[in-house]
Amino acid sequence: MRYKKMAPTSITTWLRIRGSYYFWVLVFFLFIFGIASFLYYATVKVDYVWRWYRIPQYFYYHDKVEILSEIEGKITKIIQKNGQAVVFIQEDGQVKQYTVPFKSLQVSEGDLIYPGDVLSSHEALRPGILLLGLWLTLKVSMIAISIGIIMGLITGLCRISSNPALKWTAITYIELVRGSPLLVQIFIWYFVLGTVLNAMFSRAGLPQIPPLWYGVASLAFFVGAYVAEIVRAGIQSIHRGQMEAARSLGMTYANAMQHVILPQALRRILPPLAGQFISLIKDSSLLGIIAIRELTKATREVVTTSLQPYELWFVCALLYLILTFSLSMFVQYLERRIVIS
Amino acid sequence: MIDVQNVSKTFYVPHIVKALRNVTCKVDFGEAVVVIGPSGSGKSTFLRCLNRLEVAEEGHIYVDGIDILDRKTNINKVRAEIGIVFQSFNLFPHKTVLQNVTLAQTVVRKRSKEEAKNKAMALLEKVGIPEKANVYPDQLSGGQQQRVAIARSLSMDPKVMLFDEATSAIDPEMIREVLNVMQTLASEGMTMVVVTHEMGFAREAADRVIFMDGGRIVEEGSPEEVFDNPVEERTQKFLSQII
């Protein structure tokens, strides 16, 4: 390729060529600054004492960890091993051993010990309730999304099948799930299905399924219906000639789907899928009603104890934004990669 | 090689159209048959019935002795033996030219990657674009794309090749290169059924010409008979309109 040699430009020519672009960039930043200033002004005007310094404790806090003896006896020996100390306590020929961090050891060999005596005491950093909630939201959403993709793909393929049993089952599922409130679906999963299943399990002597998994199931079932419609639209947007070309080469329907149709459809459905999954992350906030302490429920609990609704709900929104924005960026990265390959 | 007996086909969506009415014809091994006719005459439907892309409702179609309308016939096996080239190329846009030509070989014929690649390169050589092997289809001209599509069909070692208006969507300047490839195939003794508007090609390459109108075969014969001394009035009218 040939490049024209650039003539030295004066500031006025530069302004004429690029000026209007940078003018509108400036307009954008002024706009954002304006909104931010207004928000800040509003927060100052609200009759509320802002105590942001009290927020970090809900992310992590220092906890005092004490290891107590459960028996009465004499410490016969202490062995040091990779920064840990193993304490042996003997009582009437019976030996019990405790492993504690060596640095925080508060006893020595030969001490007489009574139940409840402190063997070691140290401070540990613990994740706070908001961080735990954030983690749970992330975990629940990711599992639901993974199952939802599989369910959606299968349902989407059934939806375009010519077999009425498959097709009508898919339509029924999609319409029922899309047409009813997620809140009600969660109730049904936990209080109806959950009760029945757990009763059956307990009669069979099996362990109970905790609410978390009913929550995950309801979200996966919910998002699967939306994914199915996205998959269907993606497949149908691929020109009919692609399927004809693949089939006329002797490929089976499954081969043609796998090698020709789905790889092309995937590119087109990534953007709407990302939107759906962002929605799902936010919808997971409804799981609080069946006692799953995800981010929103965690925030609500902290609000009731700390009486700091403003700071906490802002933080809650910001945490959701971090999750959704990361997902959005990840999908954009995928889109770019797929287009290149 | 191909034996079509009393085949009829009606489309119900979006309108009721009788596309084929009692079509009967035979294509012998090694023969190149060109089907001509006005648009809507059923010639494309006829061609697509031959590998069951459209399912004929009545009659029988035998390809290499196999009844392709029989429910027990494994249609995928039959289709692997019948190559078809479409008007709109239908190359796989997410695969390179080479992958387009190797895909069905590895998936359907279970050839090794190496074998499929060698075969593909030989075929790309034959259609004259080996240098485009690692390019994506959207970077090729229409004529080049169609030649890749021909190579893709040939990679299955078909016994019959079907061409469905293969040059209709190509720039006039590029048509020649595609017709040359088709002519080479015909001269090599490939059994071919060609639906086309290229009367010059029909005259040069066809062993037999079929004129269709209104879902029927109106006239059939050697190129000289059909083009120079058409018997039917409808054929005469059609030929006078286009030449």
# chains A, B, ... in the order shown; residues from 1 in each chain; ligands from 1

$ select_by_dssp --residues "segment 1-242 of chain B" --states "strand (DSSP E or B)" --output "PyMOL selection string"
chain B and resi 2-11+17-27+32-36+58-63+66-67+82-85+160-164+191-195+208-213+216-221

$ interface_residues --of "chain A" --to "chain B" --cutoff "6 Å" --atoms "only C-alpha atoms" --output "PyMOL selection string"
chain A and resi 241-242+248-251

$ write_last_selection --atoms "N, CA and C atoms" --output "PDB file, in the first residue's frame"
ATOM      1  N   GLY A 241     -30.327 -22.316   1.864  1.00  0.00           N
ATOM      2  CA  GLY A 241     -29.375 -22.950   0.947  1.00  0.00           C
ATOM      3  C   GLY A 241     -28.212 -23.623   1.666  1.00  0.00           C
ATOM      4  N   GLN A 242     -27.881 -23.150   2.873  1.00  0.00           N
ATOM      5  CA  GLN A 242     -26.771 -23.751   3.615  1.00  0.00           C
ATOM      6  C   GLN A 242     -27.123 -25.184   4.011  1.00  0.00           C
ATOM      7  N   SER A 248     -27.195 -32.054   0.577  1.00  0.00           N
ATOM      8  CA  SER A 248     -27.018 -32.631  -0.755  1.00  0.00           C
ATOM      9  C   SER A 248     -25.612 -33.227  -0.913  1.00  0.00           C
ATOM     10  N   LEU A 249     -24.706 -32.891   0.030  1.00  0.00           N
ATOM     11  CA  LEU A 249     -23.394 -33.549   0.008  1.00  0.00           C
ATOM     12  C   LEU A 249     -23.455 -34.902   0.725  1.00  0.00           C
ATOM     13  N   GLY A 250     -24.618 -35.247   1.250  1.00  0.00           N
ATOM     14  CA  GLY A 250     -24.779 -36.535   1.905  1.00  0.00           C
ATOM     15  C   GLY A 250     -24.681 -36.475   3.418  1.00  0.00           C
ATOM     16  N   MET A 251     -24.563 -35.254   3.972  1.00  0.00           N
ATOM     17  CA  MET A 251     -24.490 -35.157   5.430  1.00  0.00           C
ATOM     18  C   MET A 251     -25.858 -35.429   6.032  1.00  0.00           C
TER      19      MET A 251
END

$ residues_around --residues "Glu54 of chain B" --least-positions-apart "3" --cutoff "10 Å" --atoms "only C-alpha atoms" --output "PyMOL selection string"
chain B and resi 9+11+44-51+57

$ atom_distance --atom1 "atom CA of Val209 of chain B" --atom2 "atom CA of Met192 of chain B"
11.7 Å

$ residues_around --residues "segment 76-79 of chain A" --least-positions-apart "3" --cutoff "6 Å" --atoms "only C-alpha atoms" --output "list in words"
Ala85, Val86, Val87, Phe88, Ile89, Glu109 and Gly110 of chain A

$ residues_around --residues "Asp3 of chain B" --least-positions-apart "4" --cutoff "9 Å" --atoms "only C-alpha atoms" --output "number ranges by chain"
B: 24-28, 60-65

$ write_last_selection --atoms "all heavy atoms" --output "mmCIF file, in the first residue's frame"
data_model
loop_
_atom_site.group_PDB
_atom_site.id
_atom_site.type_symbol
_atom_site.label_atom_id
_atom_site.label_comp_id
_atom_site.auth_asym_id
_atom_site.auth_seq_id
_atom_site.Cartn_x
_atom_site.Cartn_y
_atom_site.Cartn_z
ATOM 1 N N THR B 24 -41.795 -37.686 -17.373
ATOM 2 C CA THR B 24 -41.122 -38.961 -17.572
ATOM 3 C C THR B 24 -39.900 -38.720 -18.437
ATOM 4 O O THR B 24 -40.009 -38.082 -19.487
ATOM 5 C CB THR B 24 -42.040 -39.980 -18.277
ATOM 6 O OG1 THR B 24 -43.179 -40.194 -17.440
ATOM 7 C CG2 THR B 24 -41.320 -41.287 -18.512
ATOM 8 N N CYS B 25 -38.745 -39.171 -17.978
ATOM 9 C CA CYS B 25 -37.561 -39.069 -18.837
ATOM 10 C C CYS B 25 -36.453 -39.965 -18.305
ATOM 11 O O CYS B 25 -36.538 -40.481 -17.183
ATOM 12 C CB CYS B 25 -37.086 -37.639 -18.981
ATOM 13 S SG CYS B 25 -36.110 -37.046 -17.631
ATOM 14 N N LYS B 26 -35.449 -40.148 -19.140
ATOM 15 C CA LYS B 26 -34.328 -41.002 -18.763
ATOM 16 C C LYS B 26 -33.032 -40.264 -19.062
ATOM 17 O O LYS B 26 -32.947 -39.534 -20.050
ATOM 18 C CB LYS B 26 -34.356 -42.291 -19.588
ATOM 19 C CG LYS B 26 -35.062 -43.429 -18.903
ATOM 20 C CD LYS B 26 -34.873 -44.703 -19.698
ATOM 21 C CE LYS B 26 -35.606 -45.836 -18.994
ATOM 22 N NZ LYS B 26 -35.478 -47.088 -19.688
ATOM 23 N N VAL B 27 -32.040 -40.468 -18.203
ATOM 24 C CA VAL B 27 -30.708 -39.936 -18.495
ATOM 25 C C VAL B 27 -29.760 -41.119 -18.465
ATOM 26 O O VAL B 27 -29.693 -41.834 -17.467
ATOM 27 C CB VAL B 27 -30.274 -38.883 -17.467
ATOM 28 C CG1 VAL B 27 -28.882 -38.373 -17.778
ATOM 29 C CG2 VAL B 27 -31.265 -37.728 -17.429
ATOM 30 N N ASP B 28 -29.050 -41.332 -19.563
ATOM 31 C CA ASP B 28 -28.139 -42.467 -19.625
ATOM 32 C C ASP B 28 -26.803 -42.149 -18.989
ATOM 33 O O ASP B 28 -26.452 -40.986 -18.801
ATOM 34 C CB ASP B 28 -27.921 -42.891 -21.087
ATOM 35 C CG ASP B 28 -29.160 -43.521 -21.669
ATOM 36 O OD1 ASP B 28 -29.905 -44.150 -20.883
ATOM 37 O OD2 ASP B 28 -29.409 -43.348 -22.879
ATOM 38 N N HIS B 60 -42.177 -42.422 -9.783
ATOM 39 C CA HIS B 60 -40.975 -43.069 -9.275
ATOM 40 C C HIS B 60 -39.748 -42.394 -9.850
ATOM 41 O O HIS B 60 -39.762 -41.962 -10.993
ATOM 42 C CB HIS B 60 -40.961 -44.551 -9.665
ATOM 43 C CG HIS B 60 -42.066 -45.314 -9.026
ATOM 44 N ND1 HIS B 60 -42.022 -45.755 -7.732
ATOM 45 C CD2 HIS B 60 -43.284 -45.690 -9.510
ATOM 46 C CE1 HIS B 60 -43.148 -46.382 -7.438
ATOM 47 N NE2 HIS B 60 -43.933 -46.348 -8.505
ATOM 48 N N ILE B 61 -38.699 -42.311 -9.033
ATOM 49 C CA ILE B 61 -37.418 -41.803 -9.521
ATOM 50 C C ILE B 61 -36.351 -42.822 -9.133
ATOM 51 O O ILE B 61 -36.202 -43.147 -7.944
ATOM 52 C CB ILE B 61 -37.073 -40.431 -8.915
ATOM 53 C CG1 ILE B 61 -38.140 -39.393 -9.291
ATOM 54 C CG2 ILE B 61 -35.701 -39.970 -9.407
ATOM 55 C CD1 ILE B 61 -37.951 -38.058 -8.612
ATOM 56 N N TYR B 62 -35.669 -43.351 -10.138
ATOM 57 C CA TYR B 62 -34.580 -44.294 -9.864
ATOM 58 C C TYR B 62 -33.261 -43.638 -10.225
ATOM 59 O O TYR B 62 -33.117 -43.110 -11.333
ATOM 60 C CB TYR B 62 -34.752 -45.584 -10.683
ATOM 61 C CG TYR B 62 -36.010 -46.329 -10.336
ATOM 62 C CD1 TYR B 62 -37.179 -46.117 -11.063
ATOM 63 C CD2 TYR B 62 -36.019 -47.230 -9.275
ATOM 64 C CE1 TYR B 62 -38.334 -46.800 -10.736
ATOM 65 C CE2 TYR B 62 -37.182 -47.917 -8.946
ATOM 66 C CZ TYR B 62 -38.341 -47.696 -9.679
ATOM 67 O OH TYR B 62 -39.478 -48.359 -9.345
ATOM 68 N N VAL B 63 -32.334 -43.638 -9.279
ATOM 69 C CA VAL B 63 -30.994 -43.134 -9.569
ATOM 70 C C VAL B 63 -30.042 -44.300 -9.383
ATOM 71 O O VAL B 63 -29.957 -44.855 -8.277
ATOM 72 C CB VAL B 63 -30.607 -41.962 -8.635
ATOM 73 C CG1 VAL B 63 -29.168 -41.549 -8.889
ATOM 74 C CG2 VAL B 63 -31.534 -40.786 -8.840
ATOM 75 N N ASP B 64 -29.360 -44.692 -10.448
ATOM 76 C CA ASP B 64 -28.445 -45.826 -10.399
ATOM 77 C C ASP B 64 -29.173 -47.074 -9.872
ATOM 78 O O ASP B 64 -28.632 -47.839 -9.077
ATOM 79 C CB ASP B 64 -27.249 -45.493 -9.497
ATOM 80 C CG ASP B 64 -26.016 -46.281 -9.906
ATOM 81 O OD1 ASP B 64 -26.009 -46.818 -11.033
ATOM 82 O OD2 ASP B 64 -25.076 -46.357 -9.084
ATOM 83 N N GLY B 65 -30.450 -47.201 -10.269
ATOM 84 C CA GLY B 65 -31.220 -48.372 -9.885
ATOM 85 C C GLY B 65 -31.877 -48.300 -8.523
ATOM 86 O O GLY B 65 -32.614 -49.197 -8.140
#

$ atom_distance --atom1 "atom CA of Leu131 of chain A" --atom2 "atom CA of Tyr58 of chain A"
7.3 Å

$ residues_around --residues "Leu185 of chain B" --least-positions-apart "4" --cutoff "12 Å" --atoms "only C-alpha atoms" --output "ChimeraX atom specification"
/B:30-32,123,126-127,150-151,154,158-163,178-181,189-194,205-206
